[in-house]
file work_19.tsv (TSV, C-alpha atoms)
chain	number	residue	atom	x	y	z
I	247	MET	CA	-57.89	49.91	-10.82
I	248	SER	CA	-56.19	50.59	-7.48
I	249	ASP	CA	-55.39	54.23	-6.66
I	250	GLN	CA	-52.76	53.15	-4.14
I	251	ARG	CA	-49.07	53.74	-4.80
I	252	PRO	CA	-47.33	50.63	-6.17
I	253	ILE	CA	-44.60	48.79	-4.27
I	254	THR	CA	-41.67	46.93	-5.81
I	255	ILE	CA	-40.09	44.10	-3.79
I	256	ILE	CA	-36.60	43.00	-4.80
I	257	GLY	CA	-36.10	39.35	-3.85
I	258	GLY	CA	-38.61	36.52	-3.65
I	259	GLY	CA	-37.55	34.54	-0.59
I	260	LEU	CA	-39.69	34.05	2.50
I	261	ALA	CA	-39.73	37.70	3.56
I	262	GLY	CA	-40.34	39.10	0.07
I	263	LEU	CA	-43.14	36.70	-0.82
I	264	THR	CA	-44.84	37.04	2.58
I	265	LEU	CA	-44.70	40.83	2.35
I	266	GLY	CA	-46.10	40.70	-1.19
I	267	ILE	CA	-48.99	38.47	-0.08
I	268	GLY	CA	-49.82	40.76	2.84
I	269	LEU	CA	-49.80	43.86	0.64
I	270	ARG	CA	-51.94	42.27	-2.06
I	271	ARG	CA	-54.52	41.35	0.57
I	272	ARG	CA	-54.70	45.07	1.32
I	273	GLY	CA	-55.17	45.90	-2.35
I	274	VAL	CA	-51.68	47.37	-2.87
I	275	PRO	CA	-50.22	46.94	-6.39
I	276	VAL	CA	-47.03	44.86	-6.00
I	277	THR	CA	-44.29	43.84	-8.41
I	278	LEU	CA	-41.83	41.27	-7.08
I	279	CYS	CA	-38.51	40.67	-8.89
I	280	GLU	CA	-36.75	37.36	-8.25
I	281	ALA	CA	-33.37	36.39	-9.68
I	282	GLY	CA	-34.23	32.67	-9.70
I	283	ALA	CA	-37.29	30.57	-10.45
I	284	TYR	CA	-39.75	28.47	-8.43
I	285	PRO	CA	-39.70	25.91	-7.01
I	286	ARG	CA	-36.08	25.52	-5.87
I	287	HIS	CA	-34.03	24.25	-2.96
I	288	ARG	CA	-32.29	26.63	-0.57
I	289	VAL	CA	-29.86	26.21	2.32
I	290	CYS	CA	-32.26	26.31	5.24
I	291	GLY	CA	-33.05	24.41	8.44
I	292	GLU	CA	-36.60	24.07	7.08
I	293	PHE	CA	-38.46	24.46	10.35
I	294	ILE	CA	-40.41	27.42	11.65
I	295	SER	CA	-39.85	27.93	15.36
I	296	GLY	CA	-41.09	30.90	17.33
I	297	ARG	CA	-43.42	33.81	16.61
I	298	GLY	CA	-43.37	33.31	12.85
I	299	GLN	CA	-46.17	30.76	13.10
I	300	ALA	CA	-48.45	33.40	14.61
I	301	THR	CA	-47.59	35.69	11.68
I	302	LEU	CA	-48.49	32.93	9.22
I	303	ALA	CA	-51.77	32.34	11.04
I	304	ARG	CA	-52.69	36.04	10.92
I	305	LEU	CA	-51.94	36.12	7.20
I	306	GLY	CA	-54.07	33.04	6.60
I	307	LEU	CA	-51.07	30.95	5.50
I	308	GLN	CA	-50.57	28.48	8.35
I	309	GLU	CA	-53.45	26.22	7.31
I	310	ARG	CA	-52.19	26.24	3.73
I	311	LEU	CA	-48.78	25.02	4.91
I	312	LEU	CA	-50.36	22.23	6.93
I	313	ALA	CA	-52.48	21.21	3.94
I	314	ALA	CA	-49.31	21.13	1.82
I	315	GLY	CA	-47.68	18.60	4.16
I	316	ALA	CA	-45.95	20.69	6.84
I	317	ARG	CA	-45.63	18.63	10.00
I	318	PRO	CA	-45.22	19.64	13.65
I	319	ALA	CA	-41.95	19.05	15.50
I	320	THR	CA	-42.25	18.69	19.27
I	321	THR	CA	-38.89	17.28	20.40
I	322	ALA	CA	-35.21	18.16	20.06
I	323	MET	CA	-31.88	16.53	20.92
I	324	PHE	CA	-28.27	17.76	21.05
I	325	PHE	CA	-25.00	15.98	20.34
I	326	SER	CA	-21.33	16.90	20.57
I	327	GLU	CA	-18.34	14.69	19.84
I	328	SER	CA	-18.30	13.56	23.47
I	329	ARG	CA	-21.74	14.20	24.96
I	330	THR	CA	-25.40	13.60	24.19
I	331	SER	CA	-28.42	15.27	25.74
I	332	ASN	CA	-31.63	13.47	26.47
I	333	VAL	CA	-34.66	14.13	24.28
I	334	LYS	CA	-36.03	17.59	25.09
I	335	ARG	CA	-39.60	18.70	24.50
I	336	LEU	CA	-39.82	22.03	22.69
I	337	PRO	CA	-41.56	24.70	24.79
I	338	GLU	CA	-43.60	25.41	21.66
I	339	PRO	CA	-43.99	23.08	18.65
I	340	ALA	CA	-42.13	24.00	15.47
I	341	LEU	CA	-43.43	23.45	11.94
I	342	CYS	CA	-41.28	21.56	9.41
I	343	ILE	CA	-41.61	22.01	5.64
I	344	SER	CA	-39.11	21.99	2.77
I	345	ARG	CA	-38.25	25.27	1.09
I	346	PHE	CA	-38.94	23.58	-2.25
I	347	GLN	CA	-42.59	23.25	-1.20
I	348	LEU	CA	-42.83	26.44	0.81
I	349	ASP	CA	-41.40	28.88	-1.72
I	350	GLY	CA	-43.55	27.37	-4.47
I	351	LEU	CA	-46.66	27.63	-2.29
I	352	LEU	CA	-46.01	31.28	-1.41
I	353	ALA	CA	-45.24	32.19	-5.02
I	354	PHE	CA	-48.52	30.58	-6.13
I	355	GLU	CA	-50.46	32.45	-3.42
I	356	PHE	CA	-48.89	35.79	-4.38
I	357	ARG	CA	-49.82	35.33	-8.03
I	358	ALA	CA	-53.33	34.13	-7.12
I	359	LEU	CA	-53.84	37.42	-5.28
I	360	GLY	CA	-52.92	39.39	-8.40
I	361	GLY	CA	-49.26	40.09	-7.62
I	362	ASP	CA	-46.86	40.57	-10.52
I	363	LEU	CA	-44.04	38.04	-10.01
I	364	ILE	CA	-41.10	38.40	-12.39
I	365	GLU	CA	-38.83	35.34	-12.23
I	366	ASN	CA	-35.27	35.01	-13.56
I	367	HIS	CA	-34.81	38.76	-13.28
I	368	ARG	CA	-31.96	40.32	-11.31
I	369	HIS	CA	-33.00	43.85	-10.39
I	370	LYS	CA	-30.36	46.44	-11.30
I	371	GLN	CA	-31.20	48.98	-8.59
I	372	THR	CA	-28.36	50.19	-6.38
I	373	GLY	CA	-29.10	52.29	-3.33
I	374	ALA	CA	-32.33	53.43	-1.71
I	375	GLN	CA	-35.34	54.26	-3.86
I	376	GLU	CA	-38.83	55.27	-2.80
I	377	GLY	CA	-41.39	52.51	-3.24
I	378	HIS	CA	-38.74	49.77	-3.35
I	379	VAL	CA	-38.17	47.20	-0.58
I	380	ARG	CA	-35.09	44.98	-0.53
I	381	ALA	CA	-35.69	41.34	0.39
I	382	THR	CA	-32.69	39.84	-1.37
I	383	GLY	CA	-31.51	37.81	1.61
I	384	ARG	CA	-28.22	37.75	3.44
I	385	ARG	CA	-25.49	40.39	3.14
I	386	SER	CA	-22.30	38.75	1.93
I	387	GLN	CA	-19.17	38.85	4.09
I	388	PRO	CA	-16.38	36.63	2.72
I	389	VAL	CA	-14.22	36.70	5.88
I	390	ASP	CA	-15.11	37.39	9.52
I	391	ARG	CA	-12.28	37.41	12.09
I	392	GLY	CA	-10.25	35.21	9.74
I	393	TRP	CA	-13.03	32.65	9.24
I	394	ARG	CA	-15.11	31.90	6.16
I	395	LEU	CA	-18.65	30.73	6.96
I	396	PHE	CA	-20.62	28.58	4.53
I	397	GLY	CA	-23.79	26.51	4.60
I	398	LEU	CA	-24.72	23.18	2.99
I	399	LYS	CA	-28.07	21.43	2.62
I	400	ILE	CA	-29.31	18.12	1.21
I	401	HIS	CA	-32.36	15.92	1.70
I	402	ALA	CA	-32.07	12.22	2.52
I	403	HIS	CA	-34.19	9.11	3.03
I	404	HIS	CA	-33.67	6.29	5.53
I	405	ILE	CA	-32.38	8.27	8.52
I	406	ALA	CA	-33.66	7.15	11.91
I	407	LEU	CA	-33.98	10.12	14.29
I	408	GLU	CA	-34.52	10.03	18.05
I	409	ALA	CA	-36.11	13.48	18.00
I	410	ASP	CA	-37.92	15.60	15.42
I	411	LEU	CA	-35.00	18.05	15.44
I	412	GLU	CA	-31.42	17.01	16.12
I	413	MET	CA	-28.42	19.34	16.45
I	414	HIS	CA	-25.01	17.74	15.98
I	415	LEU	CA	-22.02	19.90	16.97
I	416	THR	CA	-18.99	18.97	14.88
I	417	ARG	CA	-15.33	19.98	14.90
I	418	ASN	CA	-15.82	22.73	12.29
I	419	GLY	CA	-19.47	23.70	12.75
I	420	TYR	CA	-22.85	22.08	13.32
I	421	VAL	CA	-25.38	20.01	11.42
I	422	GLY	CA	-29.12	20.06	11.99
I	423	LEU	CA	-31.41	17.19	11.07
I	424	SER	CA	-35.12	17.95	10.77
I	425	ARG	CA	-37.85	15.46	9.96
I	426	LEU	CA	-39.86	16.66	6.95
I	427	SER	CA	-41.96	13.52	6.50
I	428	GLU	CA	-41.99	9.92	7.68
I	429	ASP	CA	-39.02	9.08	5.43
I	430	LEU	CA	-37.48	12.41	4.43
I	431	VAL	CA	-34.97	14.34	6.53
I	432	ASN	CA	-33.35	17.71	5.90
I	433	VAL	CA	-29.59	17.65	6.54
I	434	CYS	CA	-28.31	21.22	6.87
I	435	GLY	CA	-25.07	22.55	8.30
I	436	LEU	CA	-23.08	25.71	8.97
I	437	PHE	CA	-19.30	25.42	8.88
I	438	ARG	CA	-16.23	27.61	9.10
I	439	SER	CA	-12.84	27.38	7.44
I	440	ARG	CA	-9.69	29.50	7.36
I	441	THR	CA	-9.40	28.92	3.60
I	442	THR	CA	-11.78	28.86	0.66
I	443	GLN	CA	-13.48	25.53	-0.12
I	444	PRO	CA	-13.91	25.36	-3.91
I	445	ASP	CA	-15.02	21.71	-4.10
I	446	LEU	CA	-18.15	21.75	-1.93
I	447	ALA	CA	-20.30	20.40	-4.78
I	448	THR	CA	-18.32	17.14	-4.66
I	449	GLU	CA	-16.92	17.15	-1.11
I	450	TRP	CA	-20.10	18.04	0.80
I	451	GLY	CA	-20.23	14.58	2.36
I	452	SER	CA	-17.01	15.13	4.28
I	453	TRP	CA	-18.57	18.19	5.93
I	454	LEU	CA	-22.16	17.05	6.50
I	455	GLY	CA	-21.24	13.45	7.30
I	456	GLY	CA	-19.57	13.96	10.69
I	457	GLN	CA	-16.39	12.50	12.12
I	458	PRO	CA	-15.80	8.71	12.20
I	459	GLY	CA	-17.38	7.27	15.34
I	460	SER	CA	-19.74	10.23	15.86
I	461	ARG	CA	-23.49	9.87	16.28
I	462	LEU	CA	-23.93	11.98	13.15
I	463	ARG	CA	-21.85	9.52	11.11
I	464	ASP	CA	-23.98	6.67	12.52
I	465	ARG	CA	-27.19	8.53	11.67
I	466	LEU	CA	-26.20	8.96	8.03
I	467	ALA	CA	-24.62	5.52	7.50
I	468	LYS	CA	-27.64	4.11	5.66
I	469	ALA	CA	-28.97	7.37	4.23
I	470	SER	CA	-30.06	7.66	0.61
I	471	PHE	CA	-29.33	11.24	-0.43
I	472	VAL	CA	-31.47	13.23	-2.88
I	473	GLU	CA	-28.68	14.72	-5.00
I	474	ALA	CA	-30.99	17.19	-6.76
I	475	SER	CA	-31.73	18.85	-3.42
I	476	PHE	CA	-28.09	19.72	-2.65
I	477	CYS	CA	-27.28	23.42	-2.41
I	478	SER	CA	-24.65	25.60	-0.77
I	479	VAL	CA	-24.11	29.20	0.19
I	480	ALA	CA	-20.92	31.03	1.17
I	481	GLY	CA	-19.99	34.46	2.52
I	482	ILE	CA	-22.44	34.21	5.42
I	483	ALA	CA	-22.35	37.21	7.79
I	484	LEU	CA	-23.65	36.73	11.33
I	485	ARG	CA	-22.74	40.03	12.98
I	486	PRO	CA	-26.02	41.68	14.08
I	487	GLN	CA	-27.15	44.65	11.98
I	488	LYS	CA	-29.79	47.26	12.80
I	489	ALA	CA	-32.55	48.17	10.36
I	490	LEU	CA	-32.46	51.83	11.41
I	491	LYS	CA	-28.86	52.14	10.24
I	492	GLN	CA	-29.63	51.06	6.68
I	493	ASP	CA	-30.48	53.44	3.86
I	494	GLU	CA	-32.80	51.03	2.07
I	495	TRP	CA	-36.05	49.61	3.37
I	496	CYS	CA	-35.08	45.98	4.09
I	497	VAL	CA	-36.88	42.88	5.35
I	498	GLY	CA	-35.68	39.39	6.33
I	499	ASP	CA	-32.01	38.53	6.04
I	500	ALA	CA	-31.43	41.77	4.13
I	501	ILE	CA	-31.64	43.41	7.57
I	502	THR	CA	-29.64	40.85	9.54
I	503	MET	CA	-29.15	37.10	9.93
I	504	ILE	CA	-29.65	35.23	13.18
I	505	PRO	CA	-27.20	32.31	13.61
I	506	PRO	CA	-28.77	29.15	12.18
I	507	VAL	CA	-28.17	27.24	15.42
I	508	THR	CA	-31.17	29.09	16.91
I	509	GLY	CA	-33.59	27.78	14.32
I	510	ASN	CA	-35.28	31.20	14.17
I	511	GLY	CA	-34.28	32.52	10.75
I	512	MET	CA	-37.49	31.54	8.98
I	513	SER	CA	-39.56	33.07	11.76
I	514	MET	CA	-37.68	36.38	11.61
I	515	ALA	CA	-38.25	36.53	7.85
I	516	PHE	CA	-42.02	36.21	8.32
I	517	GLU	CA	-42.06	38.60	11.27
I	518	SER	CA	-40.10	41.34	9.50
I	519	ALA	CA	-42.53	41.16	6.58
I	520	GLU	CA	-45.52	41.54	8.90
I	521	LEU	CA	-43.89	44.45	10.75
I	522	ALA	CA	-43.49	46.26	7.41
I	523	LEU	CA	-47.08	45.74	6.27
I	524	GLU	CA	-48.93	48.56	8.01
I	525	PRO	CA	-46.30	51.27	7.38
I	526	LEU	CA	-46.11	50.26	3.70
I	527	HIS	CA	-49.88	50.24	3.42
I	528	ALA	CA	-50.02	53.72	4.99
I	529	TYR	CA	-47.42	54.96	2.48
I	530	SER	CA	-49.28	53.37	-0.41
I	531	GLN	CA	-52.48	55.15	0.61
I	532	GLY	CA	-50.67	58.49	0.99
I	533	ARG	CA	-51.15	58.59	4.78
I	534	MET	CA	-47.42	58.52	5.58
I	535	SER	CA	-44.24	59.63	3.88
I	536	TRP	CA	-41.79	57.01	2.64
I	537	GLN	CA	-39.13	58.10	5.14
I	538	ASN	CA	-41.48	58.00	8.13
I	539	ALA	CA	-42.92	54.65	7.09
I	540	GLN	CA	-39.46	53.15	6.61
I	541	GLN	CA	-38.25	54.39	9.99
I	542	GLN	CA	-41.34	53.08	11.74
I	543	ALA	CA	-40.89	49.60	10.26
I	544	ALA	CA	-37.14	49.62	11.00
I	545	ARG	CA	-37.74	50.64	14.60
I	546	ARG	CA	-40.26	47.84	15.05
I	547	CYS	CA	-37.84	45.26	13.66
I	548	ASP	CA	-34.94	46.45	15.81
I	549	GLU	CA	-37.12	46.30	18.94
I	550	ALA	CA	-38.50	42.87	18.06
I	551	PHE	CA	-35.13	41.25	17.28
I	552	ALA	CA	-32.66	42.92	19.68
I	553	ARG	CA	-32.80	40.35	22.48
I	554	ARG	CA	-32.78	37.43	20.06
I	555	LEU	CA	-29.69	38.67	18.28
I	556	THR	CA	-27.85	39.20	21.57
I	557	GLY	CA	-28.72	35.73	22.85
I	558	SER	CA	-27.92	34.08	19.55
I	559	SER	CA	-24.48	35.72	19.38
I	560	PHE	CA	-23.61	34.11	22.72
I	561	LEU	CA	-24.96	30.75	21.58
I	562	GLN	CA	-23.06	30.89	18.27
I	563	THR	CA	-19.81	31.57	20.12
I	564	ALA	CA	-20.49	28.72	22.54
I	565	VAL	CA	-21.10	26.05	19.91
I	566	PHE	CA	-17.79	26.85	18.18
I	567	SER	CA	-15.83	26.57	21.46
I	568	PRO	CA	-15.06	22.99	22.64
I	569	ALA	CA	-15.15	23.96	26.33
I	570	TRP	CA	-18.36	25.96	26.10
I	571	ARG	CA	-19.94	23.32	23.85
I	572	TRP	CA	-19.41	20.64	26.51
I	573	LEU	CA	-20.85	22.90	29.22
I	574	LEU	CA	-23.80	23.94	27.09
I	575	ILE	CA	-24.97	20.38	26.39
I	576	SER	CA	-24.43	19.44	30.04
I	577	LEU	CA	-26.55	22.34	31.28
I	578	VAL	CA	-29.30	21.79	28.72
I	579	GLY	CA	-29.42	18.11	29.67
I	580	ARG	CA	-29.51	18.63	33.44
I	581	TRP	CA	-31.39	21.89	33.93
I	582	PRO	CA	-34.75	22.35	32.16
I	583	LEU	CA	-34.70	26.05	33.09
I	584	VAL	CA	-31.53	26.60	31.00
I	585	TRP	CA	-33.20	24.96	28.01
I	586	ARG	CA	-36.28	27.15	28.36
I	587	LEU	CA	-34.24	30.32	28.78
I	588	LEU	CA	-32.12	29.59	25.70
I	589	PHE	CA	-35.26	28.85	23.71
I	590	LYS	CA	-36.98	32.04	24.88
I	591	ASP	CA	-34.00	34.35	24.39
I	592	THR	CA	-33.38	33.22	20.81
I	593	ARG	CA	-37.03	33.40	19.73

call {"tool": "encode", "arguments": {"input": "work_19.tsv", "output": "C-alpha cells"}}
result
Amino acid sequence: MSDQRPITIIGGGLAGLTLGIGLRRRGVPVTLCEAGAYPRHRVCGEFISGRGQATLARLGLQERLLAAGARPATTAMFFSESRTSNVKRLPEPALCISRFQLDGLLAFEFRALGGDLIENHRHKQTGAQEGHVRATGRRSQPVDRGWRLFGLKIHAHHIALEADLEMHLTRNGYVGLSRLSEDLVNVCGLFRSRTTQPDLATEWGSWLGGQPGSRLRDRLAKASFVEASFCSVAGIALRPQKALKQDEWCVGDAITMIPPVTGNGMSMAFESAELALEPLHAYSQGRMSWQNAQQQAARRCDEAFARRLTGSSFLQTAVFSPAWRWLLISLVGRWPLVWRLLFKDTR
C-alpha cells in the first residue's frame, strides 16, 4: 500500500492520461475521472509535432505508439484559394496517429499501471481543491470579437496527398489533411462564423469540402468518408491564458489552447503533463505544499509556452486575413528561413 498522497485527475484526454501514467510510474495513487468512454474520436489534427515526442520517449510511450501504427510525417504543403507552396520538408519529423487509437492506448497503459480510471463520470467539483488536477480540455468561449469558432473532423479513404501534412486555407477557416496510414487521411478544420451553425452534423461537407475549383475540393472529390469518425466542437477560445493566473492546477488545453494551424496542440498537452510530474510527486510525498507545487508547475508551463503562444497568435491572424494569407504562402514558398522560423516559434 502506497503511503503517498493520492491525486485525482479530472479529464481523460491526452494531458490527463499522460499525467496519470507518469504519476503511476512513480507509485502515486491516481484516480482519473472521464466524462466519456474509450475509444472515441475527437476533433484533432492527429499529428504530434515538436517537443511532445521527446516527452513521450522519456515516459516510455513513443515506442508503444509506433508499435500501434503511428507513422512519421516528414513533408508539408500549403494552399490558399489562389496560391500553392512547393512541398516543404519538416525541420523535424512529426508523428501521425488517430485519437481513436491513441486515447485507447493511453487508457490501457494507465490501467495496466494500476491507475483507477472511471469512465462515463462527469466530476462535480467546482473551484480549486487540493489534490485535484483539471485536465478537462479547452475553456469554452462562445463568441470572440463577434466570431464563433468551431472545429470539425472526419476520416476518409482514397485521398491522394502530395505531402504527409497539407494545410488548405479556405474562405472561412482552414482544413488540415494528415496521412494516418497508406489509405486513411484525417480531415480536420477550424472555421469561424458570425452566427451559430446548428446543422454541422449534416452540413459538415460544405465546410470541410472547400470551395468549387479549389485544390481541397479536388483532393476530396473521390474520398470515401468514415461517417462514424465525424465529430465537432464549438465555443473554441484561442486567446492565450497563463497558468499562474488560474486558481486550479490545470494541464493541457485547460490552461490554454494554441491555434490548431500550428499543429502543436498535442505536443503541448504532453509537455504540460510532464512539467507537472515532479511537483505533483513532491507534493504526494509530502516534500512540497500543494500551493508551492502548483505554482512551480504553472511557472514552468508559462515559461515553456510563452513564445509559442505569441507566434501562434500572429499566425492565426494571418491565415484569416486574405492579404496576409497570400503573403504568408509566398514567403514560405520562396524563403526557407521563414519556414524554419515559423516552425521554431510555434513549437

call {"tool": "closest_atom_pairs", "arguments": {"input": "work_19.tsv", "of": "region 317-377 of chain I", "to": "region 398-410 of chain I", "cutoff": "10 Å", "atoms": "all atoms listed in the file", "output": "CSV"}}
result
residue,atom,partner,partner_atom,distance
I:Arg317,CA,I:Asp410,CA,9.9
I:Pro318,CA,I:Asp410,CA,8.5
I:Ala319,CA,I:Asp410,CA,5.3
I:Thr320,CA,I:Asp410,CA,6.6
I:Thr321,CA,I:Ala409,CA,5.3
I:Ala322,CA,I:Ala409,CA,5.2
I:Met323,CA,I:Ala409,CA,6.0
I:Phe324,CA,I:Ala409,CA,9.4
I:Asn332,CA,I:Glu408,CA,9.5
I:Val333,CA,I:Ala409,CA,6.5
I:Lys334,CA,I:Ala409,CA,8.2
I:Arg335,CA,I:Ala409,CA,9.0
I:Leu336,CA,I:Asp410,CA,9.9
I:Ala340,CA,I:Asp410,CA,9.4
I:Cys342,CA,I:Asp410,CA,9.1
I:Ser344,CA,I:His401,CA,9.1

call {"tool": "residues_around", "arguments": {"input": "work_19.tsv", "residues": "Gln540 (chain I)", "least_positions_apart": "6", "cutoff": "9 Å", "atoms": "only C-alpha atoms", "output": "list of chain:residue names"}}
result
I:Leu490, I:Glu494, I:Trp495, I:Cys496, I:Ala522, I:Pro525, I:Leu526

call {"tool": "write_last_selection", "arguments": {"input": "work_19.tsv", "atoms": "C-alpha atoms", "output": "short mmCIF file (atom, residue, chain, number, x, y, z; two decimals), keeping the file's coordinate frame"}}
result
data_model
loop_
_atom_site.label_atom_id
_atom_site.label_comp_id
_atom_site.auth_asym_id
_atom_site.auth_seq_id
_atom_site.Cartn_x
_atom_site.Cartn_y
_atom_site.Cartn_z
CA LEU I 490 -32.46 51.83 11.41
CA GLU I 494 -32.80 51.03 2.07
CA TRP I 495 -36.05 49.61 3.37
CA CYS I 496 -35.08 45.98 4.09
CA ALA I 522 -43.49 46.26 7.41
CA PRO I 525 -46.30 51.27 7.38
CA LEU I 526 -46.11 50.26 3.70
#

call {"tool": "residues_around", "arguments": {"input": "work_19.tsv", "residues": "Leu454 (chain I)", "least_positions_apart": "2", "cutoff": "9 Å", "atoms": "all atoms listed in the file", "output": "MDAnalysis selection string"}}
result
chainID I and resid 398:400 420:421 433:435 450:452 456 462:463

call {"tool": "closest_residue", "arguments": {"input": "work_19.tsv", "among": "I:Cys547, I:Met534, I:Ala474, I:Leu466", "to": "Met514 (chain I)", "atoms": "all atoms listed in the file"}}
result
I:Cys547

call {"tool": "atom_distance", "arguments": {"input": "work_19.tsv", "atom1": "CA of Val578 (chain I)", "atom2": "CA of Ser331 (chain I)"}}
result
7.2 Å

call {"tool": "atom_distance", "arguments": {"input": "work_19.tsv", "atom1": "CA of Ser460 (chain I)", "atom2": "CA of Gly397 (chain I)"}}
result
20.2 Å

call {"tool": "closest_residue", "arguments": {"input": "work_19.tsv", "among": "I:Ala539, I:Leu561, I:Leu587, I:Ile256", "to": "Arg368 (chain I)", "atoms": "only C-alpha atoms"}}
result
I:Ile256

call {"tool": "residues_around", "arguments": {"input": "work_19.tsv", "residues": "region 264-267 of chain I", "least_positions_apart": "6", "cutoff": "9 Å", "atoms": "all atoms listed in the file", "output": "list of chain:residue names"}}
result
I:Ile253, I:Thr254, I:Ile255, I:Gly258, I:Val274, I:Val276, I:Thr277, I:Leu278, I:Leu302, I:Leu305, I:Leu352, I:Ala353, I:Glu355, I:Phe356, I:Arg357, I:Leu359, I:Gly361, I:Val497, I:Ala515, I:Phe516, I:Ser518, I:Ala519, I:Glu520, I:Ala522, I:Leu523

call {"tool": "atom_distance", "arguments": {"input": "work_19.tsv", "atom1": "CA of Ser530 (chain I)", "atom2": "CA of Asn366 (chain I)"}}
result
26.6 Å

call {"tool": "residues_around", "arguments": {"input": "work_19.tsv", "residues": "Ser559 (chain I)", "least_positions_apart": "2", "cutoff": "9 Å", "atoms": "only C-alpha atoms", "output": "list in words"}}
result
Leu484, Arg485, Pro486, Ile504, Pro505, Arg554, Leu555, Thr556, Gly557, Leu561, Gln562, Thr563 and Ala564 of chain I
